[in-house]
Structure formats: structure tokens, C-alpha cells
>>> print(open('model04.txt').read())   # compact mmCIF, C-alpha atoms
# COMPACT_ATOMS: atom_id res chain seq x y z
CA MET A 1 0.00 0.00 0.00
CA ALA A 2 2.82 2.39 0.87
CA SER A 3 4.40 1.86 -2.53
CA ARG A 4 1.14 2.81 -4.26
CA LEU A 5 0.82 5.95 -2.12
CA LEU A 6 4.35 6.92 -3.07
CA HIS A 7 3.49 6.25 -6.73
CA ARG A 8 0.54 8.64 -6.55
CA LEU A 9 2.61 11.24 -4.68
CA ARG A 10 5.26 11.15 -7.39
CA HIS A 11 2.71 11.69 -10.15
CA ALA A 12 1.01 14.47 -8.21
CA LEU A 13 4.30 16.30 -7.76
CA ALA A 14 5.12 15.78 -11.43
CA GLY A 15 1.86 17.47 -12.41
CA ASP A 16 0.22 14.46 -14.02
CA GLY A 17 -3.44 14.77 -14.96
CA PRO A 18 -6.34 13.20 -13.11
CA GLU A 19 -6.60 10.35 -15.60
CA GLU A 20 -3.93 8.28 -13.81
CA GLU A 21 -5.65 8.77 -10.46
CA ALA A 22 -8.76 6.95 -11.60
CA ALA A 23 -7.40 3.62 -10.37
CA GLY A 24 -6.38 5.05 -6.99
CA PRO A 25 -9.30 3.97 -4.78
CA GLU A 26 -9.34 0.51 -6.32
CA ALA A 27 -5.60 0.08 -5.91
CA GLU A 28 -5.65 1.14 -2.28
CA GLN A 29 -7.99 -1.46 -0.90
CA PHE A 30 -6.78 -2.51 2.52
CA PRO A 31 -5.91 -6.21 2.91
CA GLU A 32 -8.81 -8.26 4.08
CA SER A 33 -9.27 -8.37 7.84
CA SER A 34 -10.06 -11.74 9.38
CA GLU A 35 -12.47 -12.21 12.22
CA LEU A 36 -14.61 -15.03 13.43
CA GLU A 37 -17.87 -13.19 12.81
CA ASP A 38 -18.73 -11.16 9.73
CA ASP A 39 -19.93 -8.21 11.77
CA ASP A 40 -16.58 -8.05 13.57
CA ALA A 41 -14.58 -7.46 10.40
CA GLU A 42 -15.48 -3.77 10.21
CA GLY A 43 -14.42 -3.18 13.80
CA LEU A 44 -11.14 -5.02 13.31
CA SER A 45 -10.30 -2.95 10.23
CA SER A 46 -11.15 0.36 11.87
CA ARG A 47 -9.13 -0.39 14.98
CA LEU A 48 -6.06 -1.91 13.35
CA SER A 49 -5.83 -0.17 9.97
CA GLY A 50 -2.62 1.84 9.87
CA THR A 51 -1.52 0.62 13.30
CA LEU A 52 -0.45 -2.99 12.97
CA SER A 53 0.83 -4.80 9.91
CA PHE A 54 -1.27 -7.38 8.14
CA THR A 55 1.45 -7.93 5.52
CA SER A 56 2.83 -11.44 5.14
CA ALA A 57 6.34 -12.27 3.97
CA GLU A 58 5.06 -13.00 0.46
CA GLU A 59 3.29 -9.61 0.33
CA ASP A 60 6.54 -7.94 1.40
CA GLU A 61 8.29 -9.50 -1.57
CA GLU A 62 5.51 -8.37 -3.89
CA ASP A 63 5.79 -4.82 -2.55
CA ASP A 64 9.51 -4.83 -3.27
CA GLU A 65 8.89 -5.99 -6.82
CA GLU A 66 6.25 -3.30 -7.35
CA GLU A 67 8.58 -0.62 -6.07
CA ASP A 68 11.31 -1.74 -8.43
CA GLU A 69 8.89 -1.62 -11.35
CA GLU A 70 7.57 1.80 -10.37
CA ALA A 71 11.07 3.21 -10.14
CA GLY A 72 11.32 2.66 -13.90
CA PRO A 73 14.14 1.15 -16.00
CA ASP A 74 17.51 2.84 -16.28
CA PRO A 75 17.85 5.05 -19.38
CA LEU A 76 19.24 3.18 -22.35
CA PRO A 77 22.52 4.53 -23.70
CA PRO A 78 22.62 5.51 -27.39
CA GLY A 79 22.84 2.51 -29.70
CA ASP A 80 21.30 -0.01 -27.24
CA GLY A 81 18.21 -0.65 -29.33
CA ALA A 82 16.14 2.42 -28.39
CA SER A 83 13.76 3.71 -31.03
CA GLY A 84 14.30 7.05 -32.72
CA GLU A 85 11.51 8.61 -30.70
CA ASP A 86 13.04 7.41 -27.44
CA ALA A 87 16.51 8.49 -28.49
CA GLU A 88 15.32 12.00 -29.32
CA ARG A 89 13.29 12.39 -26.15
CA SER A 90 14.44 15.46 -24.25
CA PRO A 91 15.53 15.16 -20.61
CA PRO A 92 12.79 15.79 -18.03
CA PRO A 93 12.35 19.35 -16.80
CA ASP A 94 13.91 20.38 -13.50
CA GLY A 95 10.60 20.18 -11.61
CA GLN A 96 9.96 16.59 -12.74
CA ARG A 97 13.52 15.54 -11.85
CA GLY A 98 13.03 17.06 -8.41
CA SER A 99 9.77 15.18 -7.84
CA GLN A 100 11.37 11.91 -8.98
CA LEU A 101 14.25 12.47 -6.56
CA LEU A 102 11.81 13.15 -3.70
CA ALA A 103 9.82 10.01 -4.51
CA ARG A 104 13.02 7.92 -4.64
CA GLN A 105 14.13 9.29 -1.25
CA LEU A 106 10.74 8.54 0.28
CA GLN A 107 10.85 5.00 -1.10
CA ASP A 108 14.34 4.43 0.32
CA PHE A 109 13.26 5.80 3.70
CA TRP A 110 10.17 3.60 3.79
CA LYS A 111 12.19 0.49 2.89
CA LYS A 112 14.68 1.16 5.67
CA SER A 113 12.09 2.07 8.30
CA ARG A 114 9.97 -0.98 7.44
CA ASN A 115 12.87 -3.19 8.50
CA THR A 116 13.56 -1.31 11.75
CA LEU A 117 10.10 -0.59 13.17
CA VAL A 118 9.71 -4.21 14.30
CA PRO A 119 13.19 -5.57 15.13
CA GLN A 120 12.05 -9.13 15.63
CA ARG A 121 9.10 -10.34 13.62
CA LEU A 122 7.72 -13.85 13.70
CA LEU A 123 5.32 -15.42 11.25
CA PHE A 124 2.62 -17.85 12.33
CA GLU A 125 0.84 -20.41 10.19
CA VAL A 126 -1.82 -22.91 11.23
CA THR A 127 -0.62 -26.11 9.59
CA SER A 128 -3.39 -28.35 10.89
CA ALA A 129 -6.58 -28.20 12.92
CA ASN A 130 -7.97 -31.43 14.34
CA VAL A 131 -11.21 -32.10 16.18
CA VAL A 132 -10.36 -33.90 19.42
CA LYS A 133 -13.00 -35.93 21.22
CA ASP A 134 -12.13 -36.33 24.89
CA PRO A 135 -15.44 -37.29 26.56
CA PRO A 136 -17.26 -35.45 27.82
CA SER A 137 -15.50 -32.57 26.03
CA LYS A 138 -14.84 -31.95 22.37
CA TYR A 139 -12.54 -29.26 20.98
CA VAL A 140 -10.38 -28.23 18.03
CA LEU A 141 -6.60 -28.44 18.43
CA TYR A 142 -4.77 -25.91 16.25
CA THR A 143 -1.14 -26.64 15.35
CA LEU A 144 0.88 -23.56 14.42
CA ALA A 145 4.31 -23.31 12.85
CA VAL A 146 6.41 -20.50 14.34
CA MET A 147 8.82 -19.09 11.77
CA GLY A 148 11.48 -16.55 12.64
CA PRO A 149 13.02 -13.83 10.49
CA GLY A 150 15.70 -14.75 8.01
CA PRO A 151 16.00 -17.92 5.90
CA PRO A 152 13.20 -20.46 6.44
CA ASP A 153 13.92 -23.07 9.08
CA HIS A 154 14.36 -26.65 7.94
CA GLN A 155 11.85 -27.66 10.61
CA PRO A 156 9.98 -24.69 12.15
CA ALA A 157 9.09 -24.80 15.80
CA GLN A 158 5.50 -25.82 16.44
CA ILE A 159 2.90 -25.38 19.13
CA SER A 160 -0.54 -26.97 19.51
CA ARG A 161 -3.23 -24.94 21.28
CA ARG A 162 -7.01 -24.93 21.59
CA TYR A 163 -9.41 -21.99 21.55
CA SER A 164 -9.50 -21.78 25.36
CA ASP A 165 -5.68 -21.34 25.42
CA PHE A 166 -5.88 -18.38 23.04
CA GLU A 167 -8.79 -16.93 24.99
CA ARG A 168 -6.89 -17.20 28.29
CA LEU A 169 -3.89 -15.43 26.74
CA HIS A 170 -6.12 -12.64 25.43
CA ARG A 171 -7.81 -12.21 28.80
CA ASN A 172 -4.50 -12.10 30.73
CA LEU A 173 -2.95 -9.59 28.36
CA GLN A 174 -6.04 -7.37 28.54
CA ARG A 175 -5.74 -7.36 32.33
CA HIS A 176 -2.06 -6.30 32.34
CA PHE A 177 -1.82 -4.26 29.12
CA ARG A 178 -5.19 -2.57 28.71
CA GLY A 179 -3.87 0.25 26.52
CA PRO A 180 -1.98 -1.75 23.86
CA MET A 181 -4.61 -4.51 23.83
CA ALA A 182 -7.40 -2.03 23.02
CA ALA A 183 -6.21 -2.01 19.40
CA ILE A 184 -6.11 -5.81 19.03
CA SER A 185 -9.25 -7.82 18.30
CA PHE A 186 -9.95 -11.44 19.14
CA PRO A 187 -12.44 -13.92 17.61
CA ARG A 188 -15.58 -14.31 19.68
CA LYS A 189 -17.02 -17.53 20.97
CA ARG A 190 -19.85 -19.14 19.08
CA LEU A 191 -22.76 -21.07 20.50
CA ARG A 192 -23.06 -23.37 17.48
CA ARG A 193 -21.26 -24.47 14.31
CA ASN A 194 -17.90 -24.47 16.08
CA PHE A 195 -16.71 -27.59 14.27
CA THR A 196 -17.58 -26.72 10.67
CA ALA A 197 -14.74 -26.43 8.17
CA GLU A 198 -15.60 -22.78 7.53
CA THR A 199 -15.46 -21.81 11.20
CA ILE A 200 -12.19 -23.67 11.76
CA ALA A 201 -10.62 -22.04 8.71
CA ARG A 202 -11.69 -18.55 9.76
CA ARG A 203 -10.51 -19.08 13.31
CA SER A 204 -7.18 -20.38 12.04
CA ARG A 205 -6.56 -17.19 10.11
CA ALA A 206 -7.77 -15.06 13.01
CA PHE A 207 -5.32 -16.78 15.39
CA GLU A 208 -2.45 -16.26 12.93
CA GLN A 209 -3.20 -12.54 12.77
CA PHE A 210 -3.81 -12.27 16.53
CA LEU A 211 -0.34 -13.63 17.35
CA GLY A 212 1.22 -11.55 14.59
CA HIS A 213 -0.33 -8.39 16.03
CA LEU A 214 0.92 -9.22 19.53
CA GLN A 215 4.43 -9.67 18.14
CA ALA A 216 4.22 -6.28 16.42
CA VAL A 217 3.77 -4.38 19.72
CA PRO A 218 7.03 -4.03 21.72
CA GLU A 219 5.19 -3.93 25.07
CA LEU A 220 3.46 -7.22 24.34
CA ARG A 221 6.24 -9.07 22.52
CA HIS A 222 8.12 -9.92 25.72
CA ALA A 223 5.15 -10.08 28.09
CA PRO A 224 5.47 -13.04 30.52
CA ASP A 225 1.97 -14.24 29.61
CA LEU A 226 2.91 -14.46 25.93
CA GLN A 227 6.17 -16.25 26.77
CA ASP A 228 4.25 -18.73 28.90
CA PHE A 229 1.71 -19.31 26.12
CA PHE A 230 4.44 -20.38 23.72
CA VAL A 231 6.89 -22.24 25.93
CA LEU A 232 5.41 -23.40 29.24
CA PRO A 233 3.14 -26.23 27.92
CA GLU A 234 6.05 -27.64 25.88
CA LEU A 235 8.38 -27.59 28.89
CA ARG A 236 5.84 -29.32 31.11
CA ARG A 237 5.21 -32.09 28.60
CA ALA A 238 8.94 -32.55 28.01
CA GLN A 239 9.59 -32.73 31.76
CA SER A 240 6.81 -35.29 32.23
CA LEU A 241 8.13 -37.53 29.44
CA THR A 242 11.69 -37.30 30.81
CA CYS A 243 10.56 -38.29 34.29
CA THR A 244 8.79 -41.36 32.89
CA GLY A 245 11.81 -42.45 30.87
CA LEU A 246 10.45 -41.65 27.38
CA TYR A 247 13.66 -39.91 26.40
CA ARG A 248 13.32 -39.92 22.63
CA GLU A 249 9.87 -38.35 22.72
CA ALA A 250 11.04 -35.90 25.38
CA LEU A 251 14.10 -34.95 23.33
CA ALA A 252 11.94 -33.73 20.45
CA LEU A 253 9.93 -31.54 22.84
CA TRP A 254 13.02 -30.12 24.56
CA ALA A 255 14.51 -29.28 21.16
CA ASN A 256 11.26 -27.63 20.05
CA ALA A 257 11.13 -25.60 23.29
CA TRP A 258 14.74 -24.49 22.80
CA GLN A 259 13.97 -23.34 19.25
CA LEU A 260 10.91 -21.42 20.45
CA GLN A 261 12.91 -19.63 23.13
CA ALA A 262 15.63 -18.74 20.65
CA GLN A 263 13.03 -17.17 18.33
CA LEU A 264 11.03 -15.40 21.03
CA GLY A 265 13.92 -14.14 23.12
CA ASN A 266 13.89 -14.45 26.89
CA PRO A 267 14.26 -11.08 28.66
CA SER A 268 13.13 -12.47 32.02
CA GLY A 269 16.36 -14.41 32.58
CA PRO A 270 18.13 -17.61 31.61
CA ASP A 271 16.41 -20.05 34.00
CA ARG A 272 14.07 -21.64 31.44
CA ARG A 273 16.82 -21.86 28.87
CA LEU A 274 19.04 -23.55 31.46
CA LEU A 275 16.26 -25.98 32.33
CA THR A 276 15.80 -26.73 28.63
CA LEU A 277 19.53 -27.37 28.21
CA ALA A 278 19.40 -29.68 31.25
CA GLY A 279 16.58 -31.65 29.65
CA LEU A 280 18.47 -31.88 26.36
CA ALA A 281 21.65 -33.01 28.12
CA VAL A 282 19.82 -35.70 30.13
CA CYS A 283 17.99 -37.09 27.09
CA HIS A 284 21.13 -37.13 24.92
CA GLN A 285 23.03 -38.88 27.68
CA GLU A 286 20.33 -41.50 28.20
CA LEU A 287 20.18 -42.07 24.43
CA GLU A 288 23.96 -42.74 24.34
CA ASP A 289 24.96 -39.48 22.65
CA PRO A 290 27.59 -38.08 25.05
CA GLY A 291 28.95 -35.58 22.52
CA GLU A 292 25.64 -33.75 22.20
CA ALA A 293 25.08 -33.96 25.95
CA ARG A 294 28.47 -32.37 26.62
CA ALA A 295 27.75 -29.62 24.06
CA CYS A 296 24.52 -28.77 25.95
CA CYS A 297 26.48 -28.56 29.21
CA GLU A 298 29.02 -26.24 27.64
CA ARG A 299 26.27 -23.99 26.31
CA ALA A 300 24.70 -23.85 29.78
CA LEU A 301 28.04 -23.00 31.41
CA GLN A 302 28.44 -20.14 28.92
CA LEU A 303 25.02 -18.80 29.90
CA LEU A 304 25.88 -19.06 33.59
CA GLY A 305 29.25 -17.34 33.16
CA ASP A 306 30.92 -16.11 36.34
CA LYS A 307 27.74 -15.03 38.09
CA SER A 308 26.87 -15.93 41.66
CA PRO A 309 26.32 -19.69 42.14
CA HIS A 310 23.16 -20.92 40.46
CA PRO A 311 21.40 -24.11 41.63
CA LEU A 312 22.18 -25.68 38.25
CA LEU A 313 25.85 -24.63 38.12
CA ALA A 314 27.29 -27.55 40.09
CA PRO A 315 25.12 -30.19 38.33
CA PHE A 316 26.20 -28.86 34.93
CA LEU A 317 29.86 -28.85 36.00
CA GLU A 318 29.59 -32.42 37.34
CA ALA A 319 27.94 -33.60 34.10
CA HIS A 320 30.56 -31.80 32.00
CA VAL A 321 33.41 -33.42 33.94
CA ARG A 322 31.90 -36.90 33.63
CA LEU A 323 31.09 -36.56 29.91
CA SER A 324 34.53 -35.07 29.14
CA TRP A 325 36.20 -38.02 30.89
CA ARG A 326 34.05 -40.42 28.88
CA LEU A 327 35.01 -38.73 25.61
CA GLY A 328 38.69 -38.32 26.54
CA LEU A 329 38.48 -34.50 26.48
CA ASP A 330 39.96 -31.85 28.79
CA LYS A 331 37.99 -31.53 32.02
CA ARG A 332 40.44 -29.68 34.29
CA HIS A 333 38.72 -26.28 34.21
CA SER A 334 35.32 -27.71 35.14
CA GLU A 335 36.91 -29.87 37.86
CA ALA A 336 38.59 -26.82 39.38
CA ARG A 337 35.36 -24.80 39.39
CA LEU A 338 33.40 -27.67 40.93
CA GLN A 339 36.05 -28.21 43.62
CA ALA A 340 36.02 -24.51 44.48
CA LEU A 341 32.24 -24.57 44.96
CA GLN A 342 32.49 -27.64 47.20
CA GLU A 343 35.29 -26.17 49.33
CA ALA A 344 33.25 -22.98 49.78
CA GLY A 345 30.28 -25.05 50.97
CA LEU A 346 28.12 -23.83 48.09
CA THR A 347 27.20 -27.30 46.88
CA PRO A 348 27.13 -30.75 48.49
CA THR A 349 29.62 -33.49 47.67
CA PRO A 350 28.70 -35.05 45.33
CA PRO A 351 26.34 -32.46 43.81
CA PRO A 352 22.85 -33.48 42.66
CA SER A 353 22.62 -34.71 39.08
CA LEU A 354 20.88 -32.82 36.31
CA LYS A 355 18.23 -35.52 36.16
CA GLU A 356 17.44 -35.20 39.88
CA LEU A 357 17.01 -31.44 39.64
CA LEU A 358 14.99 -31.77 36.47
CA ILE A 359 12.53 -34.12 38.16
CA LYS A 360 12.18 -31.86 41.23
CA GLU A 361 11.84 -28.58 39.30
CA VAL A 362 8.35 -27.07 39.55
CA LEU A 363 7.33 -25.30 36.36
CA ASP A 364 4.88 -22.46 36.93
>>> encode(input="model04.txt", output="C-alpha cells")
Amino acid sequence: MASRLLHRLRHALAGDGPEEEAAGPEAEQFPESSELEDDDAEGLSSRLSGTLSFTSAEEDEEDDEEEDEEAGPDPLPPGDGASGEDAERSPPPDGQRGSQLLARQLQDFWKKSRNTLVPQRLLFEVTSANVVKDPPSKYVLYTLAVMGPGPPDHQPAQISRRYSDFERLHRNLQRHFRGPMAAISFPRKRLRRNFTAETIARRSRAFEQFLGHLQAVPELRHAPDLQDFFVLPELRRAQSLTCTGLYREALALWANAWQLQAQLGNPSGPDRRLLTLAGLAVCHQELEDPGEARACCERALQLLGDKSPHPLLAPFLEAHVRLSWRLGLDKRHSEARLQALQEAGLTPTPPPSLKELLIKEVLD
């Protein structure tokens, strides 16, 4: 839309006639707003138009292509196949050159600002929606792929949530962020026809846009409630599977949770990332992959750094020493750090294992 506005501005400054403006209203139609009910669409458009971006990654690419086309081809040098009329065409007057320069500067500014207004933008896509019958209840489980900026992931992180999960997130955010949430709409509940293909499809698109709008607002992007919505159910399921010895299934969930946290960022501290690395290390170790388990320990020790002793520091050091010995790698630095903690009375001898702490950890 911005490229079309710039196109019209350039022609207006150049003094073009009204004939080229005839297509203006048709070309400036705002992208379709998605809501669960037809009568909500008007409200969604009026509240969000010009505030939050509806543009998908594909639409961004199309905008770039349109801008390149509107900028016009470079002038052909003499003898490069231009017709006589083109070759004899006089250079544009000073006023037209000035308007073209202004339009080009505005385009360049818009391109740059579009990439800096939202420093971290995630895309959400409902890849499947399944009706789950769990007597006496029945609900639709929506599976969303979470795709970060940059090249597409080989296997995007995924979450599976039902309508009540989205509704709880919306309600919690409204309670803590009343101002920013006033501009964001949410699909209403329905009393019937909740399981029709049309309703599921419309809700799927509404949920995609709802999460995209939350990510577009800096105040909401790092809200604890939003972080919990994405990560906490995955961590709980991974912890439960690890405690019951289903390490391969748990490993996939720990890896998915780690990918989600890397995409979302974690301004509240490293504790959940450390817990995720502990789960990954335990599962890799139980599945006879000591190299990957040691790599997880090293990553955790980097996150911990030289800060005051953390409850997981000694268990990670003990696991790193044991795995390094098993692989025939240098373990002296970790041994020295662990011994210093024990001599200072900051951890028992021997320290608890990662698996013990993982089982006892209460996720809230």
C-alpha cells in the first residue's frame, strides 16, 4: 500500500493529470481483515488499519517488486536498441527531476524504516486443525508453525493450542496491558457451528493474525503471559516424558522448546533456557549421545558465566566433567570450578545430578 501511495505522490508532484488517479481507490484497498464473525470485520479494520501490519512475507516481496517496477528502468545509452523517438526524447524538466528524486528518497526511507520498526518479527501459520473428542468434552486443536526472520527453518518450531488457550492469553494480556490490547481484536465464541470447516478455517486465520499483532507491539512481545503461552506447555510435557523415561519423545519436545525460546527471546532471565539445556543433556546422555550432551552442558556454562552460584551450576559442572572423561576431552577447568564450589560449601559433595534437579523442578 505504501508503494502505491508513493506512486501517486510522485505523479502528483510531477503534475500528471487526473486520468492516472482513476485507479487510486481501487488500488488502495486494505488487505482483508479476518475475524470469526462477519460483523466483527469492520471493527477489526477500523481499529487496526494503519496501526499494525497485516502484511505477510510473500506480500513484502511483492511490494519490493512493485517498487522496483515503479522506479522505472535505467535510461538506455545511445545505440542499445532504443527507437528514434526514445533516443530524441528530451531530458525531463527540472521540476519533474526534483519530484522523482523526492519520490526515490521517500521510497528508500520507507524500505529502511519498514525493517527497523519491528526488530524481531515472527510469522505464524496454522498447519493443521484437528477435532479432538475427549469425553465429555470436544474441541479443536490448532497446530501452528512458528517461523522466525531470516532464511526459512528446515523444521519450524510448532505449538498446539485450543481456543481456550488463546482466549486465556487474550484475557490475561487485557488485564495487564489494557492500553496496547485495546487495538487488538480477538475472535468471539460461538454457540453453534464451532466444528464446521468454515469456522475452523476462519478461526485459524484469526489466530495467525492475533499472534502476529501481539508480536508487532514491543510492550506485548516480551510479556510473561505471551512467553508462557508459547513455551510453558512444551516444557511441562517434556519434563513429564523425561521423568517417565520416554527420552526420545522428550528430546523432540526439549529441542522444540529451545527453538521457540531462541526465536522469542527471553528477557526475564536464563532459568528456562538452562532448564531446557538440562533436559536436552539428560535425554542425549540416556540415548547414548555423550557428545551432544556435553555440548549442551558447555552452552549452559556459557550462559551461567561467572555469576553468583546458580542451583544448576554444580550439576552442569559435574555432568561436564563426567562426559569429558568419557570422551577423553579436557575436564580440568570444570573440575577446578566444581572443587572450588564444594570447598566454599556452596554445593554438596557429590552435587545433585541434572536428572534429579529436572525431576524436582516445579514449572509455573
>>> atom_distance(input="model04.txt", atom1="atom CA of A:Ser164", atom2="atom CA of A:Pro233")
13.6 Å
>>> atom_distance(input="model04.txt", atom1="atom CA of A:Leu338", atom2="atom CA of A:His310")
12.3 Å
>>> residues_near_point(input="model04.txt", point="(-1.1, -14.0, 25.7)", cutoff="10 Å", atoms="all atoms listed in the file", output="VMD selection string")
chain A and resid 165 to 174 210 to 211 214 220 to 221 223 to 230
>>> residues_around(input="model04.txt", residues="stretch 130-141 of chain A", least_positions_apart="4", cutoff="8 Å", atoms="all atoms listed in the file", output="list in words")
Ser160, Arg161, Arg162, Tyr163, Phe195 and Ile200 of chain A
>>> atom_distance(input="model04.txt", atom1="atom CA of A:Glu125", atom2="atom CA of A:Val231")
17.0 Å
>>> residues_around(input="model04.txt", residues="A:Met147", least_positions_apart="2", cutoff="6 Å", atoms="all atoms listed in the file", output="number ranges by chain")
A: 122-123, 156
>>> closest_residue(input="model04.txt", among="A:Thr242, A:Ala216, A:Arg237, A:Gln285", to="A:Ile184", atoms="only C-alpha atoms")
A:Ala216
>>> closest_residue(input="model04.txt", among="A:Arg121, A:Ala314, A:Gln155, A:Glu286", to="A:Val217", atoms="only C-alpha atoms")
A:Arg121
